[in-house]
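These notes concern the structure reproduced below.
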Amino acid sequence: MKKFLLLGVLATGALFAQDGATIFKKCVACHGPNAEKVAPGSKGDVTINGTDKAILIEQLKGYAAGTADNGGSKQIMYNNMKMWKLTDADIEAVADYISKLPASATTRK
């Protein structure tokens, strides 16, 4: 019985997590439809398309905590993460999606 309850809880959580492409639609204004734009005020003039998933997860969690700093627009990311209330599963999904987008010459490695 406990196994079924645990599986039910895990399955329910998975149902509430959005897919990465849907979540990323919130990011298009600054990052571009394929994450190919350099976000306003970011350090190093880099894009996020094709960035390693672990780096993206670390940065997104840092923005959610108010500790990440990749440039002058960090407050925008802090505010967005508070407003969007992304779960860890959402962050994982959007990071996976962005990491699989074709990298450009200015992609953060």
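Ordered as shown in the structure tokens, chains take letters A, B, and onward, while each chain numbers its residues from 1 and ligands are numbered from 1 in the order shown.
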Checklist line | Lys26 (chain A) environment, 12 Å, only C-alpha atoms, sequence neighbours closer than 2 positions dropped, as a PyMOL selection string | finding: chain A and resi 20-24+28-33+35+77+80-81+83-84+86+94
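Using only C-alpha atoms, the protein and nucleic acid residues lying no more than 7 Å from region 39-41 of chain A, apart from those fewer than 2 places from it along its own chain, are Cys30, His31, Lys37, Lys43, Gly71, Gly72 and Ser73 of chain A.
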Next item on the list: Just the residues within 9 Å of Ala65 (chain A), please, counting only C-alpha atoms, with nothing from its chain fewer than 3 positions along; format it as an MDAnalysis selection string.
Entry: chainID A and resid 60:62 68 78 81:82
For the residues selected in the previous step, produce a file with N, CA and C atoms as an mmCIF file, in the first residue's frame.
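again.cif, written as the output of this step:
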```
data_model
loop_
_atom_site.group_PDB
_atom_site.id
_atom_site.type_symbol
_atom_site.label_atom_id
_atom_site.label_comp_id
_atom_site.auth_asym_id
_atom_site.auth_seq_id
_atom_site.Cartn_x
_atom_site.Cartn_y
_atom_site.Cartn_z
ATOM 1 N N LEU A 60 19.661 29.007 -12.665
ATOM 2 C CA LEU A 60 18.238 29.246 -12.418
ATOM 3 C C LEU A 60 17.902 29.125 -10.934
ATOM 4 N N LYS A 61 18.485 28.139 -10.279
ATOM 5 C CA LYS A 61 18.261 28.014 -8.838
ATOM 6 C C LYS A 61 18.879 29.198 -8.094
ATOM 7 N N GLY A 62 20.005 29.693 -8.598
ATOM 8 C CA GLY A 62 20.624 30.875 -8.007
ATOM 9 C C GLY A 62 19.754 32.110 -8.171
ATOM 10 N N ALA A 68 22.420 34.415 -7.857
ATOM 11 C CA ALA A 68 23.139 34.355 -9.135
ATOM 12 C C ALA A 68 23.387 35.763 -9.650
ATOM 13 N N TYR A 78 15.713 37.702 -11.039
ATOM 14 C CA TYR A 78 15.226 37.487 -9.670
ATOM 15 C C TYR A 78 13.706 37.644 -9.632
ATOM 16 N N MET A 81 11.825 34.792 -11.579
ATOM 17 C CA MET A 81 11.802 33.522 -10.859
ATOM 18 C C MET A 81 10.802 33.562 -9.700
ATOM 19 N N LYS A 82 10.678 34.714 -9.040
ATOM 20 C CA LYS A 82 9.678 34.846 -7.970
ATOM 21 C C LYS A 82 8.264 34.798 -8.552
#
```
Margin query: Using only C-alpha atoms for the distances, tell me which of A:Gln59, A:Ser99, A:Ser104, A:Asn70 is nearest to Gly44 (chain A).
Written below: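 Of A:Gln59, A:Ser99, A:Ser104, A:Asn70, the one nearest Gly44 (chain A), counting only C-alpha atoms, is A:Asn70.
Residues in contact with Asp90 (chain A) at 6 Å, where only C-alpha atoms are counted and same-chain residues fewer than 3 positions away are skipped, are listed as A:Ala17, A:Gln18, A:Leu86, A:Thr87, A:Ala93.
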Item checked: One-decimal distance in Å that lies between CA of Pro102 (chain A) and CA of Gly66 (chain A) ->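 Interatomic distance, CA of Gly66 (chain A) to CA of Pro102 (chain A): 28.3 Å.
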Notebook entry, point to check: Looking at A:Asp96, A:Ile91, A:Asn49, A:Ser42, which one is nearest to Ile76 (chain A), with distances taken over only C-alpha atoms?
Noted result: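 Among the listed residues, A:Ser42 lies closest to Ile76 (chain A).
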